[in-house]
Amino acid sequence: MNYQAILSVPFGTIGIRCDDDAVLAVDLLRFRLESKPAANALAAEAVRQLQRYFDDPDSEFALPLKVFATPHQQKVWQAMLEIPRGQTRSYGELAAQLHSSAQAVGGACGANPFPILIPCHRVVAKAGIGGFMKQAGDHTLDIKRWLLRHEGAL
């Protein structure tokens, strides 16, 4: 991947992909990579806002995002943005709110290219933490747990 910035964070590394006008994706990387300074002003602002979040989970993000999503995904992502820091919602709760199914909500969560910025980590299973980033394995669940602890939800 060609990242415009790579940021070391407490649980690993984040790759930021953007053009001059919008963030294209935020990748929570499985392997630690060497930090890379921002290649443009927007990448620098994304790094600044992410670092602020890691210092203070009450920080809010104000970054332009280039969103390619179905109408359903957009509804789910908007609903995730409305979950307050320190709280979670189950897939089923969001599904009922959106007149959808828990599986469809889970699919939209997994398709989110902007984790942390659009807080899919705040959506959990009815009986447990649920999945994260459409990937199996302890690594991704460890990231989800870290984010929820950081925000005071665990």
# chains A, B, ... in the order shown; residues from 1 in each chain; ligands from 1
>>> residues_around(residues="stretch 77-89 of chain A", least_positions_apart="5", cutoff="9 Å", atoms="only C-alpha atoms", output="PyMOL selection string")
chain A and resi 57-58+72+94+97-98+108-109+112+117-126+148-154
>>> select_by_dssp(residues="chain A", states="helix (DSSP H, G or I)", output="JSON, numbers by chain")
{"A": [41, 42, 43, 44, 45, 46, 47, 48, 49, 50, 51, 52, 53, 54, 55, 71, 72, 73, 74, 75, 76, 77, 78, 79, 80, 81, 91, 92, 93, 94, 95, 96, 97, 98, 102, 103, 104, 105, 106, 107, 108, 109, 110, 120, 121, 122, 138, 139, 140, 141, 142, 143, 144, 145, 146, 147, 148, 149, 150]}
>>> select_by_dssp(residues="chain A", states="strand (DSSP E or B)", output="list in words")
Ala5, Ile6, Leu7, Ser8, Val9, Gly12, Thr13, Ile14, Gly15, Ile16, Arg17, Cys18, Val23, Leu24, Ala25, Val26, Asp27, Leu28, Leu29, Lys36, Leu65, Arg89, Ser90, Val123, Val124, Ala125, Gly128, Phe132 and Gln135 of chain A
>>> write_last_selection(atoms="N, CA, C and O atoms", output="compact mmCIF listing (two decimals), in the first residue's frame")
# COMPACT_ATOMS: atom_id res chain seq x y z
N ALA A 5 0.93 8.74 5.09
CA ALA A 5 1.52 8.84 6.43
C ALA A 5 1.37 7.49 7.10
O ALA A 5 0.41 6.76 6.84
N ILE A 6 2.34 7.18 7.95
CA ILE A 6 2.27 5.99 8.79
C ILE A 6 2.54 6.45 10.21
O ILE A 6 3.54 7.13 10.47
N LEU A 7 1.66 6.07 11.11
CA LEU A 7 1.69 6.55 12.48
C LEU A 7 1.81 5.37 13.44
O LEU A 7 1.01 4.43 13.36
N SER A 8 2.78 5.41 14.34
CA SER A 8 2.88 4.42 15.40
C SER A 8 1.90 4.79 16.50
O SER A 8 1.84 5.96 16.90
N VAL A 9 1.12 3.80 16.95
CA VAL A 9 0.12 4.02 17.99
C VAL A 9 0.29 2.94 19.05
O VAL A 9 1.03 1.98 18.84
N GLY A 12 -0.08 -0.63 17.68
CA GLY A 12 0.55 -1.02 16.43
C GLY A 12 0.83 0.16 15.53
O GLY A 12 1.43 1.15 15.95
N THR A 13 0.35 0.06 14.30
CA THR A 13 0.65 1.07 13.30
C THR A 13 -0.61 1.38 12.50
O THR A 13 -1.40 0.48 12.20
N ILE A 14 -0.78 2.65 12.15
CA ILE A 14 -1.89 3.08 11.31
C ILE A 14 -1.32 3.64 10.01
O ILE A 14 -0.41 4.48 10.04
N GLY A 15 -1.86 3.19 8.90
CA GLY A 15 -1.53 3.75 7.60
C GLY A 15 -2.66 4.66 7.14
O GLY A 15 -3.83 4.27 7.20
N ILE A 16 -2.31 5.85 6.70
CA ILE A 16 -3.30 6.83 6.25
C ILE A 16 -3.14 7.00 4.75
O ILE A 16 -2.05 7.32 4.26
N ARG A 17 -4.25 6.75 4.04
CA ARG A 17 -4.26 6.97 2.59
C ARG A 17 -5.16 8.16 2.32
O ARG A 17 -6.30 8.22 2.80
N CYS A 18 -4.65 9.11 1.58
CA CYS A 18 -5.46 10.29 1.23
C CYS A 18 -4.90 10.93 -0.03
O CYS A 18 -3.78 10.67 -0.44
N VAL A 23 -9.53 12.06 2.97
CA VAL A 23 -8.98 10.79 3.45
C VAL A 23 -9.68 9.68 2.69
O VAL A 23 -10.91 9.66 2.59
N LEU A 24 -8.90 8.75 2.16
CA LEU A 24 -9.44 7.63 1.40
C LEU A 24 -9.62 6.38 2.27
O LEU A 24 -10.53 5.60 2.06
N ALA A 25 -8.72 6.21 3.25
CA ALA A 25 -8.80 5.05 4.14
C ALA A 25 -7.84 5.24 5.30
O ALA A 25 -6.82 5.93 5.19
N VAL A 26 -8.18 4.59 6.39
CA VAL A 26 -7.32 4.47 7.56
C VAL A 26 -7.16 2.98 7.79
O VAL A 26 -8.15 2.28 8.04
N ASP A 27 -5.94 2.49 7.68
CA ASP A 27 -5.69 1.06 7.82
C ASP A 27 -5.00 0.78 9.15
O ASP A 27 -3.94 1.36 9.44
N LEU A 28 -5.62 -0.09 9.96
CA LEU A 28 -4.99 -0.54 11.19
C LEU A 28 -4.14 -1.74 10.80
O LEU A 28 -4.67 -2.82 10.51
N LEU A 29 -2.85 -1.54 10.75
CA LEU A 29 -1.96 -2.52 10.14
C LEU A 29 -1.60 -3.64 11.10
O LEU A 29 -1.36 -3.41 12.28
N LYS A 36 6.10 7.11 9.01
CA LYS A 36 6.41 7.85 7.79
C LYS A 36 5.79 9.23 7.94
O LYS A 36 4.59 9.35 8.22
N LEU A 65 -13.77 12.96 4.31
CA LEU A 65 -13.64 11.55 3.94
C LEU A 65 -14.21 11.34 2.55
O LEU A 65 -15.28 11.86 2.23
N ARG A 89 -23.07 -0.29 21.23
CA ARG A 89 -24.37 -0.78 20.79
C ARG A 89 -24.14 -2.16 20.19
O ARG A 89 -23.10 -2.41 19.58
N SER A 90 -25.11 -3.01 20.31
CA SER A 90 -24.98 -4.33 19.69
C SER A 90 -25.38 -4.23 18.22
O SER A 90 -26.09 -3.30 17.81
N VAL A 123 -19.41 -1.12 18.10
CA VAL A 123 -20.50 -2.06 17.81
C VAL A 123 -20.02 -3.45 18.23
O VAL A 123 -18.98 -3.92 17.77
N VAL A 124 -20.79 -4.07 19.11
CA VAL A 124 -20.39 -5.35 19.71
C VAL A 124 -21.49 -6.38 19.54
O VAL A 124 -22.63 -6.05 19.19
N ALA A 125 -21.14 -7.62 19.82
CA ALA A 125 -22.13 -8.69 19.78
C ALA A 125 -23.02 -8.61 21.02
O ALA A 125 -22.65 -7.99 22.02
N GLY A 128 -20.85 -10.55 24.00
CA GLY A 128 -19.40 -10.53 23.81
C GLY A 128 -18.97 -9.38 22.95
O GLY A 128 -19.77 -8.52 22.56
N PHE A 132 -14.18 -7.69 14.34
CA PHE A 132 -13.61 -6.38 14.06
C PHE A 132 -12.84 -6.44 12.75
O PHE A 132 -12.04 -7.34 12.55
N GLN A 135 -11.86 -9.42 9.97
CA GLN A 135 -10.73 -10.32 10.06
C GLN A 135 -10.87 -11.18 11.29
O GLN A 135 -11.40 -10.75 12.31
>>> closest_residue(among="A:Tyr91, A:Tyr53, A:Trp146, A:Tyr3", to="A:Gln103", atoms="only C-alpha atoms")
A:Tyr91
>>> closest_residue(among="A:Ser100, A:Gln49, A:Asn2, A:Ser35", to="A:Ala62", atoms="only C-alpha atoms")
A:Gln49
>>> closest_residue(among="A:Ala102, A:Ile129, A:Ala43, A:Ala96", to="A:Arg145", atoms="only C-alpha atoms")
A:Ile129
>>> closest_residue(among="A:Thr140, A:Pro10, A:Gln73, A:Ala46", to="A:Gly107", atoms="only C-alpha atoms")
A:Gln73
>>> atom_distance(atom1="atom CA of A:Phe31", atom2="atom CA of A:Arg48")
21.7 Å
>>> decode(residues="stretch 21-87 of chain A", atoms="C-alpha atoms", output="CSV table (one decimal), in the first residue's frame")
chain,number,residue,atom,x,y,z
A,21,ASP,CA,-8.8,16.7,-0.7
A,22,ALA,CA,-10.0,13.8,1.4
A,23,VAL,CA,-9.0,10.8,3.4
A,24,LEU,CA,-9.4,7.6,1.4
A,25,ALA,CA,-8.8,5.1,4.1
A,26,VAL,CA,-7.3,4.5,7.6
A,27,ASP,CA,-5.7,1.1,7.8
A,28,LEU,CA,-5.0,-0.5,11.2
A,29,LEU,CA,-2.0,-2.5,10.1
A,30,ARG,CA,-1.2,-6.0,11.3
A,31,PHE,CA,2.5,-5.5,11.3
A,32,ARG,CA,4.5,-2.7,12.8
A,33,LEU,CA,5.9,-0.4,10.1
A,34,GLU,CA,8.3,2.4,10.5
A,35,SER,CA,6.6,5.8,10.9
A,36,LYS,CA,6.4,7.8,7.8
A,37,PRO,CA,6.0,11.6,7.9
A,38,ALA,CA,3.0,13.1,6.2
A,39,ALA,CA,3.3,13.5,2.5
A,40,ASN,CA,0.7,16.4,2.3
A,41,ALA,CA,-1.2,18.8,4.4
A,42,LEU,CA,-4.3,16.6,4.8
A,43,ALA,CA,-2.2,13.6,5.9
A,44,ALA,CA,-0.5,15.9,8.5
A,45,GLU,CA,-3.9,17.0,9.8
A,46,ALA,CA,-5.1,13.3,10.0
A,47,VAL,CA,-2.0,12.4,12.0
A,48,ARG,CA,-2.5,15.4,14.3
A,49,GLN,CA,-6.1,14.5,14.9
A,50,LEU,CA,-5.4,10.8,15.5
A,51,GLN,CA,-2.5,11.7,17.9
A,52,ARG,CA,-4.9,14.0,19.8
A,53,TYR,CA,-7.5,11.1,20.0
A,54,PHE,CA,-4.8,8.8,21.5
A,55,ASP,CA,-4.0,11.5,24.1
A,56,ASP,CA,-7.7,12.2,24.8
A,57,PRO,CA,-10.5,9.9,23.6
A,58,ASP,CA,-13.0,12.7,23.9
A,59,SER,CA,-11.3,14.4,20.9
A,60,GLU,CA,-13.5,14.6,17.8
A,61,PHE,CA,-12.5,14.2,14.2
A,62,ALA,CA,-13.1,16.8,11.5
A,63,LEU,CA,-11.5,15.3,8.4
A,64,PRO,CA,-13.0,15.2,4.9
A,65,LEU,CA,-13.6,11.6,3.9
A,66,LYS,CA,-14.0,10.2,0.4
A,67,VAL,CA,-16.8,7.7,1.0
A,68,PHE,CA,-17.6,5.0,-1.4
A,69,ALA,CA,-20.5,3.1,0.1
A,70,THR,CA,-23.9,1.7,-0.4
A,71,PRO,CA,-26.9,3.6,1.0
A,72,HIS,CA,-27.2,1.0,3.8
A,73,GLN,CA,-23.5,1.2,4.7
A,74,GLN,CA,-23.8,5.0,4.9
A,75,LYS,CA,-26.8,4.6,7.3
A,76,VAL,CA,-24.9,2.2,9.5
A,77,TRP,CA,-21.8,4.4,9.5
A,78,GLN,CA,-23.8,7.4,10.4
A,79,ALA,CA,-25.4,5.5,13.3
A,80,MET,CA,-21.9,4.5,14.5
A,81,LEU,CA,-20.9,8.1,14.6
A,82,GLU,CA,-23.9,8.8,16.9
A,83,ILE,CA,-22.7,6.2,19.5
A,84,PRO,CA,-21.1,8.3,22.3
A,85,ARG,CA,-17.6,7.6,23.4
A,86,GLY,CA,-17.6,5.2,26.3
A,87,GLN,CA,-20.7,3.4,25.1
